[in-house]
Amino acid sequence: MSKPTRRDVHVDEAPSAPRAAASDPEPDPGLVPDAETMRRLGHQAVDHVVARWIGLEEDRPWQGAARSRTEPLLHDPPPEEGGDVADLMERAVREVFPLAGRIDHPRFLGFVPSGPGWPAVLADILVSGHNVFQGTWLESAGPSQIELTVLEWFREWIGMPEGAGGVLTSGGSAANLLAVVTAREVAGWPQDPVLYLSDQGHSSLRRAARVAGFRPHQVQVIPTGADRRLDPVELAGRIEADREAGRTPILICANGGATNTGTVDPLEELADVAVAQEVHLHVDAAYGGFAALTPEGRTALAGLGRADSVTLDPHKWFFQTYECGCLMVRDTAELEAAFRISAEYLQDTALREREVNFGDRGVQLTRSFRALKIWLTVQSVGRRRLARAIGLGIELGGRVEDWIRDHPDFELLHPAALGIVCFRYRPRGSGEEELEELNTRIQDRLLERGDAMLSSTRLDGRYSLRFCILNHRTRWRHLEYVLERIAQEGRSLAAGDEVPR
């Protein structure tokens with residue numbers, strides 16, 4: 001009979017605690033208060049959060065400050081003796097948190113918002129209090145099983161084959177880095193590797209390529225046409241030309257919902273190119289991937305499950321708190337081969353059967369229990385209601401597009417795609433130069449007055465306002481209000497008038 005190892009041992013009852021010696025000091029009460037104090041302070045913290053959530057819509061979507069203001073207000077020397085925790089929490093709520101974007105505000109429509117649900121907040125409280133180390137199965141069997149379960153849900157939803165898996169990360173940037181490094185490792189570190197992406201690819205892919213050792217000429221950025229989609233024919237031609245020149249194509253990076261416009265590349269055709277050219281296909285679906293839960297999203301993302309790797313961001317369109325990203329891979333053995341490093345001090349963590357050391361699937365050995373908030377959200381809300389909330393963002397994007405098309409002083413610059421709409425205010429007779437200045441000033445006014453948080457982009461060189469609609473709190477009344485404010489500010493600025501608040 002083999003000798004049992006630590007991994008075989010499980011304890012049904014907690015051992016009795018050792019008796020405290022008379023000379024043992026008690027834990028510092030600042031770090032470990034008595035139970036009543038912990039409850040009182042915990043309730044106070046939750047009350048602050050609940051007050052914020054209840055009053056969010058009446059608050060401003062954004063408020064910032066220059067460092068010349070924040071430093072005198074918040075930069076203190078470390079005190080030799082501590083202060084009152086309750087007072088310090090009050091100060092943070094009063095002075096620190098207001099100077100930031102309310103990313104989950106229903107009129108925060110810039111960049112890519114994050115609208116978490118309450119189950120995710122509750123899970124973060126539990127995770128912080130339990131302080132789980134989830135780098136190895138030995139130290140986190142239960143939490144690691146929850147992560148495996150969540151990853152299996154994701155696999156089914158995006159259509160990857162059985163046996164696919166992945167790892168939760170801090171966000172899409174980290175997931176894209178893992179994908180690029182894995183593809184490089186699978187290719188065996190060729191002398192002149194080449195990575196391909198469109199001009200709509202996320203900046204984190206180019207950063208990942210730089211970190212992974214790609215030189216600038218080894219990152220091929222392919223221009224897109226009016227539809228802003230990666231052309232499979234042009235891509236195949238680039239790959240063949242690079243091979244003839246002695247380079248080694250190793251990775252195609254496609255968009256599963258581009259940040260600029262929400263556009264999805266032709267994933268089925270790109271998967272065909274990847275198979276024919278024997279090149280890995282990675283789909284950055286950090287923004288749009290969870291739209292696969294809806295009928296419209298499944299159609300737009302057809303072919304997603306054929307990718308070798310897929311980036312997802314639950315803290316975007318799956319209503320989780322920061323930080324929560326994900327990389328899904330077709331072959332987890334490739335991922336682990338790229339990142340597993342053995343060390344003598346980790347010899348106790350060797351695996352026996354189907355367990356997973358998630359520290360072997362990325363750059364983090366020390367990693368938190370991110371999966372609990374996803375698990376708690378899905379278990380408490382249900383897949384169907386979550387899908388409905390995602391579908392609402394797509395529906396509202398289409399409704400914004402219709403409103404813009406019907407308004408004589410607005411110009412649609414790109415059709416709505418997965419909740420993103422690009423447009424500008426354009427009164428008749430305006431030239432390109434004055435349009436950029438006009439729309440910039442409109443954007444600034446809405447931000448300064450607290451009407452909305454908008455971000456901008458450029459499409460074919462034209463300055464574009466952009467709505468990104470994914471917050472489950474956002475309703476048509478919020479969007480219509482912002483559109484009407486844009487029209488009002490635009491008319492005022494074009495006429496040289498001031499608009500009263």
# chains A, B, ... in the order shown; residues from 1 in each chain; ligands from 1
$ closest_atom_pairs --of "stretch 61-176 of chain A" --to "stretch 340-355 of chain A" --cutoff "12 Å" --atoms "only C-alpha atoms" --output "Markdown table"
| residue | atom | partner | partner_atom | distance |
| --- | --- | --- | --- | --- |
| A:Gln134 | CA | A:Thr349 | CA | 11.8 |
| A:Gly135 | CA | A:Thr349 | CA | 9.7 |
| A:Thr136 | CA | A:Thr349 | CA | 6.4 |
| A:Trp137 | CA | A:Glu355 | CA | 6.6 |
| A:Leu138 | CA | A:Thr349 | CA | 5.7 |
| A:Glu139 | CA | A:Thr349 | CA | 8.4 |
| A:Ser140 | CA | A:Glu355 | CA | 10.7 |
| A:Ala141 | CA | A:Glu355 | CA | 8.3 |
| A:Gly142 | CA | A:Glu355 | CA | 10.9 |
| A:Pro143 | CA | A:Glu355 | CA | 11.8 |
| A:Ser144 | CA | A:Glu355 | CA | 8.4 |
| A:Gln145 | CA | A:Glu355 | CA | 8.3 |
| A:Ile146 | CA | A:Glu355 | CA | 11.9 |
| A:Glu147 | CA | A:Glu355 | CA | 11.4 |
| A:Leu148 | CA | A:Glu355 | CA | 9.4 |
| A:Gly163 | CA | A:Arg354 | CA | 11.7 |
$ residues_around --residues "stretch 224-233 of chain A" --least-positions-apart "5" --cutoff "6 Å" --atoms "only C-alpha atoms" --output "PyMOL selection string"
chain A and resi 198+265+270
$ residues_around --residues "A:Asp313" --least-positions-apart "2" --cutoff "6 Å" --atoms "only C-alpha atoms" --output "number ranges by chain"
A: 172, 286, 315-316, 325-326
$ atom_distance --atom1 "atom CA of A:Ala452" --atom2 "atom CA of A:Gly101"
10.7 Å
$ select_by_dssp --residues "stretch 353-500 of chain A" --states "strand (DSSP E)" --output "PyMOL selection string"
chain A and resi 410-417+420-425+455-459+462-468
$ select_by_dssp --residues "stretch 31-97 of chain A" --states "helix (DSSP H, G or I)" --output "ChimeraX atom specification"
/A:35-54,67-74,85-96
$ write_last_selection --atoms "N, CA, C and O atoms" --output "compact mmCIF listing (two decimals), in the first residue's frame"
# COMPACT_ATOMS: atom_id res chain seq x y z
N ALA A 35 -15.07 40.84 18.45
CA ALA A 35 -16.13 40.48 17.51
C ALA A 35 -17.14 41.62 17.34
O ALA A 35 -17.59 41.90 16.21
N GLU A 36 -17.52 42.27 18.41
CA GLU A 36 -18.51 43.34 18.31
C GLU A 36 -17.99 44.50 17.47
O GLU A 36 -18.71 45.09 16.66
N THR A 37 -16.71 44.85 17.66
CA THR A 37 -16.11 45.94 16.88
C THR A 37 -16.04 45.57 15.40
O THR A 37 -16.33 46.39 14.52
N MET A 38 -15.67 44.31 15.12
CA MET A 38 -15.62 43.88 13.72
C MET A 38 -16.99 44.00 13.07
O MET A 38 -17.12 44.47 11.93
N ARG A 39 -18.01 43.57 13.78
CA ARG A 39 -19.38 43.66 13.22
C ARG A 39 -19.78 45.12 12.99
O ARG A 39 -20.34 45.47 11.95
N ARG A 40 -19.50 45.96 13.96
CA ARG A 40 -19.89 47.37 13.84
C ARG A 40 -19.20 48.03 12.65
O ARG A 40 -19.85 48.71 11.85
N LEU A 41 -17.91 47.82 12.52
CA LEU A 41 -17.17 48.42 11.41
C LEU A 41 -17.59 47.80 10.07
O LEU A 41 -17.68 48.50 9.05
N GLY A 42 -17.84 46.50 10.08
CA GLY A 42 -18.29 45.85 8.86
C GLY A 42 -19.64 46.38 8.39
O GLY A 42 -19.84 46.65 7.21
N HIS A 43 -20.55 46.57 9.35
CA HIS A 43 -21.86 47.13 9.01
C HIS A 43 -21.71 48.55 8.47
O HIS A 43 -22.42 48.94 7.53
N GLN A 44 -20.81 49.30 9.06
CA GLN A 44 -20.59 50.67 8.60
C GLN A 44 -20.09 50.68 7.15
O GLN A 44 -20.55 51.48 6.32
N ALA A 45 -19.14 49.77 6.84
CA ALA A 45 -18.61 49.71 5.48
C ALA A 45 -19.72 49.33 4.49
O ALA A 45 -19.85 49.93 3.42
N VAL A 46 -20.53 48.34 4.85
CA VAL A 46 -21.63 47.92 3.96
C VAL A 46 -22.64 49.05 3.81
O VAL A 46 -23.16 49.29 2.71
N ASP A 47 -22.92 49.77 4.89
CA ASP A 47 -23.86 50.89 4.81
C ASP A 47 -23.37 51.95 3.82
O ASP A 47 -24.16 52.54 3.07
N HIS A 48 -22.06 52.20 3.83
CA HIS A 48 -21.50 53.16 2.87
C HIS A 48 -21.73 52.69 1.44
O HIS A 48 -22.11 53.48 0.56
N VAL A 49 -21.50 51.42 1.18
CA VAL A 49 -21.66 50.89 -0.16
C VAL A 49 -23.13 50.93 -0.59
O VAL A 49 -23.46 51.32 -1.71
N VAL A 50 -24.01 50.54 0.32
CA VAL A 50 -25.45 50.55 -0.01
C VAL A 50 -25.91 51.97 -0.30
O VAL A 50 -26.68 52.21 -1.25
N ALA A 51 -25.45 52.94 0.48
CA ALA A 51 -25.83 54.33 0.24
C ALA A 51 -25.36 54.78 -1.15
O ALA A 51 -26.09 55.50 -1.86
N ARG A 52 -24.17 54.37 -1.52
CA ARG A 52 -23.67 54.72 -2.86
C ARG A 52 -24.55 54.10 -3.93
O ARG A 52 -24.92 54.75 -4.92
N TRP A 53 -24.88 52.82 -3.79
CA TRP A 53 -25.69 52.14 -4.80
C TRP A 53 -27.07 52.77 -4.93
O TRP A 53 -27.59 52.96 -6.03
N ILE A 54 -27.68 53.11 -3.80
CA ILE A 54 -29.02 53.69 -3.83
C ILE A 54 -29.00 55.07 -4.48
O ILE A 54 -29.92 55.44 -5.22
N ARG A 67 -3.58 66.65 -9.86
CA ARG A 67 -2.75 66.28 -8.71
C ARG A 67 -2.48 67.48 -7.80
O ARG A 67 -2.27 67.31 -6.59
N SER A 68 -2.50 68.68 -8.38
CA SER A 68 -2.31 69.87 -7.56
C SER A 68 -3.41 70.01 -6.51
O SER A 68 -3.23 70.68 -5.50
N ARG A 69 -4.54 69.36 -6.76
CA ARG A 69 -5.62 69.36 -5.77
C ARG A 69 -5.55 68.12 -4.88
O ARG A 69 -5.76 68.21 -3.67
N THR A 70 -5.30 66.95 -5.47
CA THR A 70 -5.34 65.72 -4.68
C THR A 70 -4.20 65.60 -3.68
O THR A 70 -4.37 65.06 -2.60
N GLU A 71 -3.03 66.12 -4.05
CA GLU A 71 -1.88 65.95 -3.15
C GLU A 71 -2.07 66.69 -1.83
O GLU A 71 -1.90 66.09 -0.75
N PRO A 72 -2.43 67.98 -1.84
CA PRO A 72 -2.67 68.64 -0.54
C PRO A 72 -3.82 68.01 0.24
O PRO A 72 -3.82 68.03 1.48
N LEU A 73 -4.80 67.45 -0.47
CA LEU A 73 -5.98 66.90 0.20
C LEU A 73 -5.71 65.52 0.82
O LEU A 73 -6.19 65.22 1.91
N LEU A 74 -4.89 64.71 0.13
CA LEU A 74 -4.82 63.29 0.50
C LEU A 74 -3.42 62.77 0.82
O LEU A 74 -3.29 61.65 1.32
N VAL A 85 -10.69 53.84 12.91
CA VAL A 85 -11.03 53.24 11.63
C VAL A 85 -12.33 53.81 11.08
O VAL A 85 -12.45 54.10 9.89
N ALA A 86 -13.33 53.97 11.93
CA ALA A 86 -14.62 54.49 11.47
C ALA A 86 -14.46 55.88 10.87
O ALA A 86 -15.02 56.18 9.81
N ASP A 87 -13.69 56.74 11.52
CA ASP A 87 -13.47 58.09 11.01
C ASP A 87 -12.71 58.05 9.69
O ASP A 87 -12.99 58.84 8.77
N LEU A 88 -11.74 57.16 9.59
CA LEU A 88 -10.95 57.06 8.36
C LEU A 88 -11.78 56.54 7.20
O LEU A 88 -11.61 56.98 6.06
N MET A 89 -12.69 55.61 7.46
CA MET A 89 -13.59 55.17 6.40
C MET A 89 -14.48 56.32 5.95
O MET A 89 -14.72 56.50 4.75
N GLU A 90 -14.97 57.10 6.90
CA GLU A 90 -15.78 58.26 6.55
C GLU A 90 -14.99 59.22 5.66
O GLU A 90 -15.52 59.77 4.68
N ARG A 91 -13.73 59.43 5.99
CA ARG A 91 -12.90 60.33 5.19
C ARG A 91 -12.72 59.79 3.77
O ARG A 91 -12.79 60.53 2.79
N ALA A 92 -12.47 58.48 3.65
CA ALA A 92 -12.30 57.89 2.32
C ALA A 92 -13.55 58.08 1.47
O ALA A 92 -13.48 58.42 0.29
N VAL A 93 -14.71 57.85 2.09
CA VAL A 93 -15.98 58.01 1.37
C VAL A 93 -16.22 59.47 0.99
O VAL A 93 -16.74 59.77 -0.08
N ARG A 94 -15.79 60.37 1.84
CA ARG A 94 -16.04 61.80 1.63
C ARG A 94 -15.03 62.43 0.66
O ARG A 94 -15.39 63.27 -0.17
N GLU A 95 -13.73 62.00 0.72
CA GLU A 95 -12.68 62.71 0.00
C GLU A 95 -12.00 61.90 -1.10
O GLU A 95 -11.46 62.49 -2.05
N VAL A 96 -11.98 60.59 -0.99
CA VAL A 96 -11.22 59.78 -1.95
C VAL A 96 -12.11 59.27 -3.07
O VAL A 96 -11.87 59.54 -4.26
$ closest_residue --among "A:Ala387, A:Leu109, A:Leu195, A:Val32" --to "A:Arg215" --atoms "only C-alpha atoms"
A:Leu195
$ closest_residue --among "A:Gly429, A:Gly359, A:Pro193, A:Gly171" --to "A:Pro216" --atoms "only C-alpha atoms"
A:Pro193
$ closest_residue --among "A:Ile250, A:Arg477, A:Gly166, A:Arg206" --to "A:Gln191" --atoms "only C-alpha atoms"
A:Ile250
$ residues_around --residues "stretch 56-60 of chain A" --least-positions-apart "6" --cutoff "7 Å" --atoms "only C-alpha atoms" --output "list of chain:residue names"
A:His105, A:Pro106, A:Gly450
$ write_last_selection --atoms "N, CA, C and O atoms" --output "PDB file, in the first residue's frame"
ATOM      1  N   HIS A 105     -22.276  53.910 -13.256  1.00  0.00           N
ATOM      2  CA  HIS A 105     -23.372  54.864 -13.371  1.00  0.00           C
ATOM      3  C   HIS A 105     -24.129  54.599 -14.680  1.00  0.00           C
ATOM      4  O   HIS A 105     -23.512  54.309 -15.706  1.00  0.00           O
ATOM      5  N   PRO A 106     -25.462  54.711 -14.673  1.00  0.00           N
ATOM      6  CA  PRO A 106     -26.211  54.409 -15.907  1.00  0.00           C
ATOM      7  C   PRO A 106     -25.921  55.363 -17.059  1.00  0.00           C
ATOM      8  O   PRO A 106     -26.229  55.039 -18.208  1.00  0.00           O
ATOM      9  N   GLY A 450     -21.782  67.123 -15.466  1.00  0.00           N
ATOM     10  CA  GLY A 450     -22.282  65.909 -14.831  1.00  0.00           C
ATOM     11  C   GLY A 450     -23.411  65.238 -15.574  1.00  0.00           C
ATOM     12  O   GLY A 450     -24.111  64.395 -15.010  1.00  0.00           O
TER      13      GLY A 450
END
$ closest_residue --among "A:Phe111, A:Phe133, A:Phe97, A:Phe154" --to "A:Val329" --atoms "only C-alpha atoms"
A:Phe154
